[in-house]
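Undergrad: Below is the file input-v9.txt, with compact mmCIF, C-alpha atoms.
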```txt
# COMPACT_ATOMS: atom_id res chain seq x y z
CA MET Y 10 -5.37 -28.37 2.21
CA LEU Y 11 -8.85 -29.58 3.17
CA LYS Y 12 -11.47 -27.25 1.72
CA LEU Y 13 -13.92 -26.21 4.41
CA THR Y 14 -17.48 -25.09 3.84
CA GLU Y 15 -18.60 -21.70 5.14
CA ALA Y 16 -20.39 -23.46 7.97
CA GLN Y 17 -17.26 -25.41 8.94
CA ARG Y 18 -15.12 -22.27 8.83
CA ALA Y 19 -17.67 -20.53 11.04
CA GLU Y 20 -17.63 -23.45 13.45
CA LEU Y 21 -13.84 -23.32 13.74
CA GLU Y 22 -13.85 -19.54 14.13
CA ALA Y 23 -16.48 -19.79 16.88
CA LEU Y 24 -14.27 -22.24 18.74
CA ARG Y 25 -11.28 -19.92 18.37
CA ARG Y 26 -13.28 -16.97 19.70
CA SER Y 27 -14.44 -19.06 22.64
CA TYR Y 28 -10.83 -20.06 23.37
CA GLN Y 29 -9.69 -16.44 23.02
CA ALA Y 30 -12.35 -15.36 25.53
CA GLU Y 31 -10.90 -17.82 28.05
CA LEU Y 32 -7.30 -16.67 27.60
CA PRO Y 33 -7.40 -13.88 30.22
CA GLY Y 34 -8.54 -16.45 32.79
CA LYS Y 35 -5.77 -18.85 31.83
CA LEU Y 36 -3.17 -16.09 31.99
CA GLY Y 37 -4.52 -15.01 35.35
CA LEU Y 38 -4.12 -18.54 36.69
CA ILE Y 39 -0.56 -18.69 35.41
CA ALA Y 40 0.34 -15.30 36.88
CA GLY Y 41 -1.21 -16.34 40.19
CA ALA Y 42 0.66 -19.65 40.18
CA ALA Y 43 3.90 -17.81 39.41
CA GLU Y 44 3.33 -15.51 42.42
CA THR Y 45 2.81 -18.57 44.63
CA LEU Y 46 6.15 -20.12 43.73
CA PRO Y 47 8.49 -17.83 45.71
CA ALA Y 48 5.86 -17.36 48.42
CA ARG Y 49 5.84 -21.11 49.11
CA GLY Y 50 9.58 -21.66 48.81
CA TRP Y 51 9.60 -22.99 45.21
CA ASP Y 52 7.83 -26.13 46.34
CA LYS Y 53 8.17 -28.98 43.83
CA ALA Y 54 4.44 -29.78 43.79
CA ASP Y 55 3.72 -26.11 43.03
CA LEU Y 56 6.32 -26.19 40.25
CA GLN Y 57 4.69 -29.30 38.80
CA ALA Y 58 1.26 -27.65 38.84
CA PHE Y 59 2.73 -24.51 37.27
CA TYR Y 60 4.42 -26.60 34.59
CA LEU Y 61 1.13 -28.34 33.74
CA LEU Y 62 -0.67 -24.98 33.28
CA ILE Y 63 2.09 -23.70 31.03
CA HIS Y 64 2.45 -26.94 29.08
CA ARG Y 65 -1.27 -26.96 28.29
CA LEU Y 66 -1.26 -23.34 27.20
CA ALA Y 67 1.80 -23.81 24.99
CA GLY Y 68 0.11 -26.72 23.24
CA SER Y 69 -3.42 -25.45 22.89
CA ALA Y 70 -2.58 -21.84 21.99
CA ALA Y 71 -0.70 -22.94 18.88
CA ILE Y 72 -3.50 -25.26 17.79
CA TYR Y 73 -6.01 -22.42 18.10
CA GLY Y 74 -3.75 -20.09 16.11
CA PHE Y 75 -2.27 -17.95 18.91
CA ASP Y 76 1.34 -18.46 17.93
CA ARG Y 77 2.93 -15.67 19.96
CA ILE Y 78 1.23 -16.87 23.12
CA SER Y 79 2.32 -20.43 22.36
CA ARG Y 80 5.94 -19.38 21.85
CA ALA Y 81 6.01 -17.31 25.03
CA ALA Y 82 4.40 -20.18 26.94
CA ALA Y 83 7.00 -22.56 25.50
CA GLU Y 84 9.76 -20.34 26.91
CA LEU Y 85 8.09 -20.51 30.31
CA GLU Y 86 7.69 -24.26 29.89
CA THR Y 87 11.44 -24.58 29.33
CA TRP Y 88 12.01 -22.57 32.51
CA ALA Y 89 9.59 -24.78 34.46
CA LEU Y 90 11.20 -28.01 33.23
CA ALA Y 91 14.65 -26.71 34.15
CA ALA Y 92 13.32 -25.73 37.58
CA LEU Y 93 11.77 -29.18 38.09
CA ASP Y 94 14.99 -30.88 36.99
CA GLY Y 95 17.62 -28.71 38.58
CA GLY Y 96 15.88 -26.72 41.28
CA VAL Y 97 15.51 -22.94 41.42
CA PRO Y 98 18.84 -21.27 42.24
CA GLU Y 99 18.96 -17.49 42.48
CA PRO Y 100 19.67 -16.77 38.78
CA ARG Y 101 16.77 -18.95 37.67
CA ARG Y 102 14.39 -17.25 40.10
CA HIS Y 103 15.00 -13.89 38.44
CA GLU Y 104 14.05 -15.29 35.06
CA LEU Y 105 10.51 -16.18 36.03
CA PHE Y 106 8.66 -12.87 36.13
CA PRO Y 107 10.16 -11.43 32.92
CA LEU Y 108 8.97 -14.62 31.21
CA VAL Y 109 5.49 -14.19 32.69
CA ALA Y 110 5.50 -10.55 31.53
CA ALA Y 111 6.53 -11.68 28.05
CA LEU Y 112 3.57 -14.06 28.04
CA GLN Y 113 1.23 -11.20 28.93
CA THR Y 114 2.73 -9.08 26.14
CA ALA Y 115 2.25 -11.95 23.71
CA PHE Y 116 -1.40 -12.12 24.76
CA SER Y 117 -1.87 -8.43 23.93
CA ASP Y 118 -0.07 -8.79 20.59
CA ASP Y 119 -1.91 -11.95 19.54
CA GLY Y 120 -5.27 -10.38 20.37
CA LYS Y 121 -4.42 -7.27 18.33
CA ASP Y 122 -3.20 -9.34 15.37
CA ARG Y 123 -6.40 -11.36 15.24
CA ARG Y 124 -8.55 -8.23 15.33
CA VAL Y 125 -6.50 -6.69 12.48
CA ARG Y 126 -6.68 -9.91 10.42
CA LYS Y 127 -10.44 -10.15 10.97
CA ARG Y 128 -11.01 -6.54 9.86
CA ALA Y 129 -8.78 -7.12 6.81
CA SER Y 130 -10.64 -10.26 5.81
CA SER Y 131 -14.03 -8.53 6.30
CA ARG Y 132 -12.91 -5.69 3.98
CA ALA Y 133 -11.69 -8.21 1.38
CA ARG Y 134 -15.19 -9.70 0.96
CA MET E 21 -6.72 -59.26 8.59
CA VAL E 22 -9.44 -57.26 6.85
CA HIS E 23 -8.81 -53.54 7.18
CA ARG E 24 -12.01 -51.64 7.74
CA PRO E 25 -12.73 -48.17 6.45
CA LEU E 26 -11.94 -45.52 9.03
CA ASN E 27 -15.11 -44.51 10.86
CA ARG E 28 -14.59 -44.63 14.60
CA ILE E 29 -11.77 -42.80 16.33
CA LEU E 30 -10.97 -42.98 20.03
CA LEU E 31 -9.29 -39.72 21.02
CA VAL E 32 -7.30 -39.94 24.25
CA GLU E 33 -6.27 -36.44 25.32
CA ASP E 34 -6.30 -34.84 28.77
CA ASP E 35 -6.36 -31.16 27.71
CA PRO E 36 -10.01 -30.04 27.38
CA ASP E 37 -9.17 -27.32 24.84
CA ILE E 38 -7.33 -29.76 22.60
CA GLN E 39 -10.12 -32.30 23.06
CA THR E 40 -12.65 -29.76 21.83
CA VAL E 41 -10.92 -28.57 18.69
CA THR E 42 -9.59 -32.00 17.74
CA SER E 43 -12.92 -33.79 18.14
CA MET E 44 -14.64 -30.99 16.24
CA ALA E 45 -12.16 -31.23 13.37
CA LEU E 46 -12.31 -35.01 13.19
CA GLY E 47 -16.10 -35.14 13.46
CA SER E 48 -17.18 -32.08 11.51
CA PHE E 49 -14.39 -31.85 8.90
CA GLY E 50 -13.45 -35.52 8.71
CA GLY E 51 -16.87 -37.07 9.17
CA TYR E 52 -15.62 -39.53 11.76
CA THR E 53 -17.42 -40.76 14.85
CA VAL E 54 -15.24 -39.64 17.73
CA HIS E 55 -15.23 -40.75 21.35
CA VAL E 56 -13.16 -38.51 23.61
CA CYS E 57 -11.40 -39.84 26.70
CA GLY E 58 -9.66 -37.53 29.14
CA SER E 59 -7.31 -40.16 30.51
CA ALA E 60 -5.71 -43.48 29.74
CA GLN E 61 -8.03 -45.23 32.20
CA GLU E 62 -11.12 -43.74 30.54
CA ALA E 63 -9.83 -45.07 27.22
CA ILE E 64 -9.25 -48.55 28.65
CA ASP E 65 -12.80 -48.51 30.04
CA ALA E 66 -14.43 -47.16 26.86
CA ALA E 67 -12.55 -49.07 24.15
CA PRO E 68 -14.34 -52.45 24.41
CA SER E 69 -17.79 -50.95 23.81
CA PHE E 70 -16.73 -48.21 21.38
CA GLN E 71 -14.68 -50.59 19.18
CA PRO E 72 -12.49 -47.94 17.55
CA ASP E 73 -10.94 -48.35 14.13
CA LEU E 74 -8.14 -46.01 15.20
CA ILE E 75 -6.82 -44.62 18.47
CA LEU E 76 -5.29 -41.15 18.69
CA LEU E 77 -3.20 -41.11 21.82
CA ASP E 78 -1.64 -38.19 23.64
CA VAL E 79 1.62 -39.10 25.33
CA MET E 80 1.98 -36.69 28.24
CA MET E 81 -1.02 -37.24 30.47
CA PRO E 82 -1.24 -37.17 34.26
CA GLY E 83 -1.32 -40.62 35.82
CA MET E 84 -0.85 -43.25 33.13
CA ASP E 85 0.94 -41.76 30.13
CA GLY E 86 0.29 -42.61 26.50
CA VAL E 87 3.05 -45.19 26.26
CA ASP E 88 1.67 -47.19 29.19
CA ALA E 89 -1.84 -46.62 27.87
CA LEU E 90 -0.90 -48.27 24.58
CA LYS E 91 0.57 -51.26 26.39
CA ALA E 92 -2.63 -51.58 28.43
CA LEU E 93 -4.85 -51.22 25.35
CA ARG E 94 -2.88 -53.99 23.65
CA GLU E 95 -3.92 -56.30 26.50
CA LEU E 96 -7.60 -55.83 25.59
CA PRO E 97 -9.08 -58.08 22.90
CA ALA E 98 -10.98 -55.10 21.45
CA THR E 99 -7.82 -53.07 20.86
CA ALA E 100 -5.05 -55.67 20.69
CA ARG E 101 -4.44 -54.85 17.05
CA THR E 102 -6.14 -51.47 16.66
CA PRO E 103 -3.85 -48.99 14.91
CA VAL E 104 -2.60 -46.23 17.18
CA ILE E 105 -1.30 -42.80 16.25
CA PHE E 106 0.51 -40.80 18.90
CA LEU E 107 -0.31 -37.08 19.09
CA THR E 108 2.55 -35.45 20.91
CA ALA E 109 5.06 -32.64 21.19
CA ARG E 110 7.61 -35.22 22.39
CA VAL E 111 9.27 -36.10 19.11
CA GLN E 112 12.95 -36.33 19.96
CA PRO E 113 14.64 -39.27 18.17
CA ALA E 114 14.59 -41.39 21.33
CA ASP E 115 10.86 -40.75 21.77
CA VAL E 116 10.07 -41.65 18.16
CA ALA E 117 12.20 -44.78 18.41
CA LEU E 118 10.10 -45.84 21.40
CA TYR E 119 6.82 -45.17 19.56
CA ASN E 120 8.07 -47.29 16.65
CA GLU E 121 9.08 -50.07 19.02
CA LEU E 122 5.54 -50.04 20.31
CA ASP E 123 4.33 -50.52 16.75
CA SER E 124 2.40 -47.28 16.55
CA LEU E 125 1.06 -46.51 13.10
CA ALA E 126 2.43 -42.97 13.08
CA VAL E 127 3.31 -39.99 15.22
CA ILE E 128 1.64 -36.65 14.61
CA ARG E 129 3.50 -33.76 16.07
CA LYS E 130 1.77 -31.18 18.27
CA PRO E 131 0.88 -28.47 17.70
CA PHE E 132 -1.10 -29.26 14.59
CA GLU E 133 -3.47 -27.23 12.48
CA PRO E 134 -6.96 -28.74 12.85
CA THR E 135 -7.72 -29.08 9.13
CA ALA E 136 -4.22 -30.40 8.44
CA LEU E 137 -4.78 -33.06 11.13
CA VAL E 138 -7.73 -34.47 9.22
CA GLU E 139 -5.76 -34.58 5.96
CA THR E 140 -2.81 -36.18 7.71
CA ILE E 141 -5.00 -38.91 9.16
CA HIS E 142 -6.62 -39.51 5.77
CA GLY E 143 -3.13 -39.97 4.28
CA ILE E 144 -1.87 -42.24 7.05
CA TRP E 145 -4.95 -44.45 6.82
CA ALA E 146 -4.76 -44.66 3.03
CA ARG E 147 -1.12 -45.81 3.23
CA TYR E 148 -2.01 -48.28 5.99
CA ARG E 149 -4.74 -49.83 3.89
CA ALA E 150 -2.55 -49.90 0.79
CA GLN E 151 0.16 -51.77 2.69
CA ALA E 152 -2.36 -54.28 3.93
CA ASP E 153 -3.76 -55.07 0.48
```
Let me see the file written as structure tokens.
TA:
Amino acid sequence: MLKLTEAQRAELEALRRSYQAELPGKLGLIAGAAETLPARGWDKADLQAFYLLIHRLAGSAAIYGFDRISRAAAELETWALAALDGGVPEPRRHELFPLVAALQTAFSDDGKDRRVRKRASSRAR
Amino acid sequence: MVHRPLNRILLVEDDPDIQTVTSMALGSFGGYTVHVCGSAQEAIDAAPSFQPDLILLDVMMPGMDGVDALKALRELPATARTPVIFLTARVQPADVALYNELDSLAVIRKPFEPTALVETIHGIWARYRAQAD
């Protein structure tokens, strides 16, 4: 593994903190987009926009080290792709909000984990 | 063909968060000069003046996707033979077969760990140069 200097590690950690600070906003957008879907009759353009939000979160969250959020977003991404491909029949509609709730839970868990890991690594020094 | 050392990387990625961490890792950890493009069209416009040694290309982008972007870049004299690495979560066998058909140098699966990305690119480039010599 590439050995980073202290300065490089700090740079990466600063980026991660900046990303973490933006997560509530991203989750808010996703929750808002999810609310719009039934309100606007599961419109395909809305589904596409929703998919793009989720797809980006699933990808970026993992890269920044927020694995739980990434996994929960990937589940939502699978839902969105199925909805885009096969429409949104009644059973599929009921799956949406539990998946959004799971994403919000993952956000809480990932945030807690990072705070615990940071305290542990501070104590180790 | 003389294979240059790897200095200049054209990163084509539409997600701003991935742009940020990837360009930081490549520039700060890898020491490369990185030009970031948020779309295939931006890359087509920037490539002739930037003259990249390597192109890192996202596949799923709005508008022109990475596959069509590669085909378009191959039409430009500046990038007709520039090595391309796809950065993508789309790595099903059929996808990878397509990337190979397009003569990409490699495929790096998303998500990736930023420091591991730099090491992976080092390794890919070293093998590429060794094959050329």
Undergrad: Using atom CA of Thr14 of chain Y and atom CA of Leu66 of chain Y as the two end points, give the distance in Å to one decimal.
TA: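 That distance, rounded to one decimal, is 28.5 Å.
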Undergrad: Within 9 Å of chain Y, which residues of chain E come that close, and what is the closest atom pair and distance in Å for each? Count only C-alpha atoms and give it as a Markdown table.
TA:
```
| residue | atom | partner | partner_atom | distance |
| --- | --- | --- | --- | --- |
| E:Asp35 | CA | Y:Arg65 | CA | 6.6 |
| E:Asp37 | CA | Y:Ser69 | CA | 6.4 |
| E:Ile38 | CA | Y:Ser69 | CA | 5.8 |
| E:Thr40 | CA | Y:Leu24 | CA | 8.3 |
| E:Val41 | CA | Y:Leu24 | CA | 7.2 |
| E:Met44 | CA | Y:Leu21 | CA | 8.1 |
| E:Ala45 | CA | Y:Leu21 | CA | 8.1 |
| E:Ser48 | CA | Y:Gln17 | CA | 7.1 |
| E:Phe49 | CA | Y:Gln17 | CA | 7.1 |
| E:Ala109 | CA | Y:Gly68 | CA | 8.0 |
| E:Lys130 | CA | Y:Gly68 | CA | 6.9 |
| E:Pro131 | CA | Y:Ile72 | CA | 5.4 |
| E:Phe132 | CA | Y:Ile72 | CA | 5.7 |
| E:Glu133 | CA | Y:Ile72 | CA | 5.7 |
| E:Pro134 | CA | Y:Ile72 | CA | 7.0 |
| E:Thr135 | CA | Y:Leu11 | CA | 6.1 |
| E:Ala136 | CA | Y:Met10 | CA | 6.7 |
| E:Val138 | CA | Y:Leu11 | CA | 7.9 |
| E:Glu139 | CA | Y:Leu11 | CA | 6.5 |
```
Undergrad: So which residues touch segment 52-56 of chain E within 12 Å, counting only C-alpha atoms, skipping near sequence neighbours fewer than 6 positions away, as a compact mmCIF listing (two decimals) with C-alpha atoms, in the coordinates of the input?
TA:
```
# COMPACT_ATOMS: atom_id res chain seq x y z
CA PRO E 25 -12.73 -48.17 6.45
CA LEU E 26 -11.94 -45.52 9.03
CA ASN E 27 -15.11 -44.51 10.86
CA ARG E 28 -14.59 -44.63 14.60
CA ILE E 29 -11.77 -42.80 16.33
CA LEU E 30 -10.97 -42.98 20.03
CA LEU E 31 -9.29 -39.72 21.02
CA VAL E 32 -7.30 -39.94 24.25
CA GLU E 33 -6.27 -36.44 25.32
CA ASP E 34 -6.30 -34.84 28.77
CA ASP E 35 -6.36 -31.16 27.71
CA PRO E 36 -10.01 -30.04 27.38
CA ASP E 37 -9.17 -27.32 24.84
CA ILE E 38 -7.33 -29.76 22.60
CA GLN E 39 -10.12 -32.30 23.06
CA THR E 40 -12.65 -29.76 21.83
CA VAL E 41 -10.92 -28.57 18.69
CA THR E 42 -9.59 -32.00 17.74
CA SER E 43 -12.92 -33.79 18.14
CA MET E 44 -14.64 -30.99 16.24
CA ALA E 45 -12.16 -31.23 13.37
CA LEU E 46 -12.31 -35.01 13.19
CA GLU E 62 -11.12 -43.74 30.54
CA ALA E 63 -9.83 -45.07 27.22
CA ILE E 64 -9.25 -48.55 28.65
CA ASP E 65 -12.80 -48.51 30.04
CA ALA E 66 -14.43 -47.16 26.86
CA ALA E 67 -12.55 -49.07 24.15
CA SER E 69 -17.79 -50.95 23.81
CA PHE E 70 -16.73 -48.21 21.38
CA GLN E 71 -14.68 -50.59 19.18
CA PRO E 72 -12.49 -47.94 17.55
CA ASP E 73 -10.94 -48.35 14.13
CA LEU E 74 -8.14 -46.01 15.20
CA ILE E 75 -6.82 -44.62 18.47
CA LEU E 76 -5.29 -41.15 18.69
CA LEU E 77 -3.20 -41.11 21.82
CA ASP E 78 -1.64 -38.19 23.64
CA VAL E 138 -7.73 -34.47 9.22
CA ILE E 141 -5.00 -38.91 9.16
CA HIS E 142 -6.62 -39.51 5.77
```
Undergrad: Could you check how far atom CA of Glu121 of chain E sits from atom CA of Cys57 of chain E, in Å to one decimal?
TA: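 So the two atoms, atom CA of Glu121 of chain E and atom CA of Cys57 of chain E, lie 24.1 Å apart.
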Undergrad: For atom CA of Ala111 of chain Y and atom CA of Leu62 of chain Y, quote the distance in Å rounded to one decimal.
TA: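 For atom CA of Ala111 of chain Y relative to atom CA of Leu62 of chain Y, the distance reads 16.0 Å.
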Undergrad: Within 10 Å of Leu32 of chain Y, counting only C-alpha atoms, which residues qualify if same-chain residues fewer than 3 places away don't, as number ranges by chain?
TA: Y: 26-29, 35-38, 66, 70, 78, 116, 120
Undergrad: Find the spatial neighbours of segment 40-49 of chain Y, counting only C-alpha atoms, within a cut-off of 8 Å - ignore same-chain residues fewer than 2 positions away - and output them as a list in words.
TA: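 In the requested form, the answer reads Leu36, Gly37, Leu38, Trp51, Asp52, Asp55, Leu56, Phe59, Leu105, Phe106 and Val109 of chain Y.
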Undergrad: As a list in words, please: the residues near Ser124 of chain E (cut-off 10 Å, all atoms listed in the file, same-chain neighbours under 5 positions excluded).
TA: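 Using all atoms listed in the file, the neighbours found are Ile75, Leu77, Val87, Leu90, Thr102, Pro103, Val104, Ile105, Phe106, Val116, Leu118 and Tyr119 of chain E.
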Undergrad: When you look at segment 96-100 of chain Y with a cut-off of 10 Å (counting all atoms listed in the file), what residues show up, excluding the ones that are within fewer than 2 positions of it in the same chain? I need them as a PyMOL selection string.
TA: chain Y and resi 47+50-53+56+88-94+102-105
Undergrad: Just checking: using all atoms listed in the file, which residue out of Y:Ala30, Y:Ala115, Y:Ala19, Y:Gln57 ends up closest to Pro82 of chain E?
TA: Y:Gln57
